[in-house]
Amino acid sequence: MVDITGHLAFGLLFTLVAWFVWDDRASVAFVGLAAVASLLPDIDLWLTKLFPAQVHHHGVTHTVLFVTVASLVGGAVLVGLFGRRLDRWIESERFDRSSLFAFSSMALLVGSLSHLVADMLSAPDISTPIEPFWPFFDKPWAVDVVWYNAAWINLWFFAAMVVLHLVLAYLTTPADHRYRLLPT
């Protein structure tokens, strides 16, 4: 099972392309939303405490169906609560409500899917294998590539992704916009 830093690293890996698609702050917003969403499927760890008989780890929250629905709902909530503020902060891209919804939902989906991929690649012998395509395909799916539970692997992978994002942010952002990447 991948730990938190490993899931964040996978979220960062899946969002590297953002620096080539959007300008400065839009890329930061996309990466930030996806990084947060990379932890979403593990909400079952909290739900297990509330509903121990009904919820188990690597269950329904670790499916493409769940993360898609959660991303659409999350995108709608984000646009409803923070749409104007996010649009004002991004500046470089002007989003109408529907494109901001698509942008937010896609960021949440990319981050959540990165979590599923990380769990599929981690050692299924130490944790319950996931069934990412349930209810359409009711079989566990995993590839035992590497043992991701080692803290040093997760930490180094996370550090490498942070450095790579910083390098791409520097290289793809015009010099006169670099100071604007951080929230004010």
# chains A, B, ... in the order shown; residues from 1 in each chain; ligands from 1
>>> select_by_dssp(residues="stretch 3-183 of chain A", states="alpha helix (DSSP H)", output="MDAnalysis selection string")
chainID A and resid 4:14 18:21 24:37 44:50 64:90 97:121 151:172
>>> residues_around(residues="stretch 93-100 of chain A", least_positions_apart="5", cutoff="8 Å", atoms="only C-alpha atoms", output="list in words")
Trp22, Asp23, Ala26, Val79, Gly83 and Asp87 of chain A
>>> atom_distance(atom1="atom CA of A:Ile130", atom2="atom CA of A:Pro41")
11.0 Å
>>> atom_distance(atom1="atom CA of A:Leu81", atom2="atom CA of A:Ala18")
23.4 Å
>>> residues_around(residues="A:Leu47", least_positions_apart="6", cutoff="9 Å", atoms="only C-alpha atoms", output="list of chain:residue names")
A:Gln54, A:Val55, A:His56
>>> residues_around(residues="stretch 63-71 of chain A", least_positions_apart="3", cutoff="10 Å", atoms="only C-alpha atoms", output="number ranges by chain")
A: 37, 40-41, 58-60, 74-77, 101-102, 104-113, 115-116, 130-136
>>> write_last_selection(atoms="N, CA, C and O atoms", output="short mmCIF file (atom, residue, chain, number, x, y, z; two decimals), in the first residue's frame")
data_model
loop_
_atom_site.label_atom_id
_atom_site.label_comp_id
_atom_site.auth_asym_id
_atom_site.auth_seq_id
_atom_site.Cartn_x
_atom_site.Cartn_y
_atom_site.Cartn_z
N ALA A 37 -6.89 15.73 -4.44
CA ALA A 37 -7.75 14.62 -4.85
C ALA A 37 -7.02 13.28 -4.88
O ALA A 37 -7.65 12.23 -4.81
N LEU A 40 -8.23 11.28 -2.09
CA LEU A 40 -9.67 11.06 -1.95
C LEU A 40 -10.09 9.60 -1.77
O LEU A 40 -10.90 9.31 -0.88
N PRO A 41 -9.61 8.65 -2.57
CA PRO A 41 -10.09 7.27 -2.39
C PRO A 41 -9.86 6.70 -1.00
O PRO A 41 -10.60 5.82 -0.55
N HIS A 58 -10.07 -0.28 0.26
CA HIS A 58 -9.95 -0.71 -1.13
C HIS A 58 -11.29 -1.22 -1.67
O HIS A 58 -11.31 -2.06 -2.57
N GLY A 59 -12.38 -0.72 -1.12
CA GLY A 59 -13.71 -1.09 -1.59
C GLY A 59 -14.21 -0.11 -2.64
O GLY A 59 -13.47 0.28 -3.56
N VAL A 60 -15.44 0.31 -2.50
CA VAL A 60 -16.11 1.12 -3.51
C VAL A 60 -15.42 2.47 -3.76
O VAL A 60 -15.45 2.98 -4.88
N GLY A 74 -17.56 17.16 -6.77
CA GLY A 74 -16.56 18.08 -6.23
C GLY A 74 -16.35 19.29 -7.13
O GLY A 74 -16.21 20.41 -6.64
N GLY A 75 -16.33 19.07 -8.44
CA GLY A 75 -16.19 20.19 -9.39
C GLY A 75 -17.35 21.16 -9.28
O GLY A 75 -17.17 22.38 -9.28
N ALA A 76 -18.56 20.63 -9.15
CA ALA A 76 -19.75 21.49 -9.00
C ALA A 76 -19.69 22.28 -7.69
O ALA A 76 -19.99 23.47 -7.66
N VAL A 77 -19.29 21.61 -6.62
CA VAL A 77 -19.18 22.29 -5.32
C VAL A 77 -18.11 23.38 -5.37
O VAL A 77 -18.33 24.50 -4.89
N PHE A 101 -16.01 24.43 -14.31
CA PHE A 101 -16.49 23.13 -13.80
C PHE A 101 -15.70 22.00 -14.44
O PHE A 101 -15.25 21.09 -13.75
N ALA A 102 -15.50 22.04 -15.76
CA ALA A 102 -14.74 21.00 -16.45
C ALA A 102 -13.29 20.97 -15.96
O ALA A 102 -12.73 19.89 -15.72
N SER A 104 -12.06 22.03 -13.01
CA SER A 104 -12.02 21.54 -11.63
C SER A 104 -12.30 20.04 -11.56
O SER A 104 -11.60 19.31 -10.86
N SER A 105 -13.32 19.60 -12.27
CA SER A 105 -13.67 18.18 -12.26
C SER A 105 -12.54 17.33 -12.83
O SER A 105 -12.23 16.26 -12.31
N MET A 106 -11.91 17.82 -13.89
CA MET A 106 -10.81 17.07 -14.50
C MET A 106 -9.62 16.98 -13.55
O MET A 106 -8.99 15.93 -13.43
N ALA A 107 -9.32 18.07 -12.86
CA ALA A 107 -8.21 18.04 -11.89
C ALA A 107 -8.50 17.03 -10.79
O ALA A 107 -7.62 16.24 -10.41
N LEU A 108 -9.72 17.03 -10.28
CA LEU A 108 -10.09 16.08 -9.23
C LEU A 108 -10.04 14.64 -9.75
O LEU A 108 -9.59 13.73 -9.05
N LEU A 109 -10.49 14.44 -10.98
CA LEU A 109 -10.47 13.09 -11.56
C LEU A 109 -9.05 12.60 -11.79
O LEU A 109 -8.72 11.45 -11.46
N VAL A 110 -8.20 13.45 -12.33
CA VAL A 110 -6.80 13.05 -12.58
C VAL A 110 -6.12 12.66 -11.27
O VAL A 110 -5.44 11.64 -11.17
N GLY A 111 -6.31 13.47 -10.23
CA GLY A 111 -5.72 13.16 -8.94
C GLY A 111 -6.23 11.87 -8.35
O GLY A 111 -5.46 11.04 -7.86
N SER A 112 -7.55 11.66 -8.42
CA SER A 112 -8.14 10.44 -7.87
C SER A 112 -7.73 9.20 -8.65
O SER A 112 -7.46 8.15 -8.06
N LEU A 113 -7.66 9.32 -9.97
CA LEU A 113 -7.22 8.18 -10.77
C LEU A 113 -5.76 7.84 -10.50
O LEU A 113 -5.37 6.67 -10.54
N HIS A 115 -4.37 7.89 -7.69
CA HIS A 115 -4.42 7.08 -6.47
C HIS A 115 -4.71 5.62 -6.83
O HIS A 115 -4.07 4.70 -6.31
N LEU A 116 -5.69 5.42 -7.70
CA LEU A 116 -6.04 4.04 -8.10
C LEU A 116 -4.87 3.36 -8.78
O LEU A 116 -4.59 2.18 -8.50
N ILE A 130 -7.44 -4.00 -5.18
CA ILE A 130 -8.61 -3.19 -5.51
C ILE A 130 -9.32 -3.75 -6.74
O ILE A 130 -8.73 -4.48 -7.54
N GLU A 131 -10.58 -3.40 -6.87
CA GLU A 131 -11.40 -3.75 -8.03
C GLU A 131 -11.80 -2.45 -8.70
O GLU A 131 -12.94 -1.99 -8.56
N PRO A 132 -10.89 -1.81 -9.44
CA PRO A 132 -11.13 -0.45 -9.93
C PRO A 132 -12.28 -0.33 -10.93
O PRO A 132 -12.85 0.74 -11.06
N PHE A 133 -12.63 -1.42 -11.60
CA PHE A 133 -13.67 -1.33 -12.63
C PHE A 133 -15.02 -1.87 -12.17
O PHE A 133 -15.92 -2.07 -12.97
N TRP A 134 -15.15 -2.10 -10.84
CA TRP A 134 -16.43 -2.51 -10.29
C TRP A 134 -17.43 -1.39 -10.54
O TRP A 134 -17.08 -0.23 -10.46
N PRO A 135 -18.65 -1.63 -10.87
CA PRO A 135 -19.42 -2.87 -10.96
C PRO A 135 -19.40 -3.50 -12.34
O PRO A 135 -20.09 -4.48 -12.59
N PHE A 136 -18.62 -2.94 -13.27
CA PHE A 136 -18.60 -3.45 -14.64
C PHE A 136 -17.74 -4.68 -14.81
O PHE A 136 -18.00 -5.53 -15.64
#
>>> closest_residue(among="A:Thr61, A:Asn154, A:Thr128, A:Thr173", to="A:Val2", atoms="only C-alpha atoms")
A:Asn154
>>> residues_around(residues="A:Ala160", least_positions_apart="4", cutoff="10 Å", atoms="only C-alpha atoms", output="PyMOL selection string")
chain A and resi 9+12-13+154-156+164-166
>>> atom_distance(atom1="atom CA of A:Phe158", atom2="atom CA of A:Tyr170")
18.4 Å
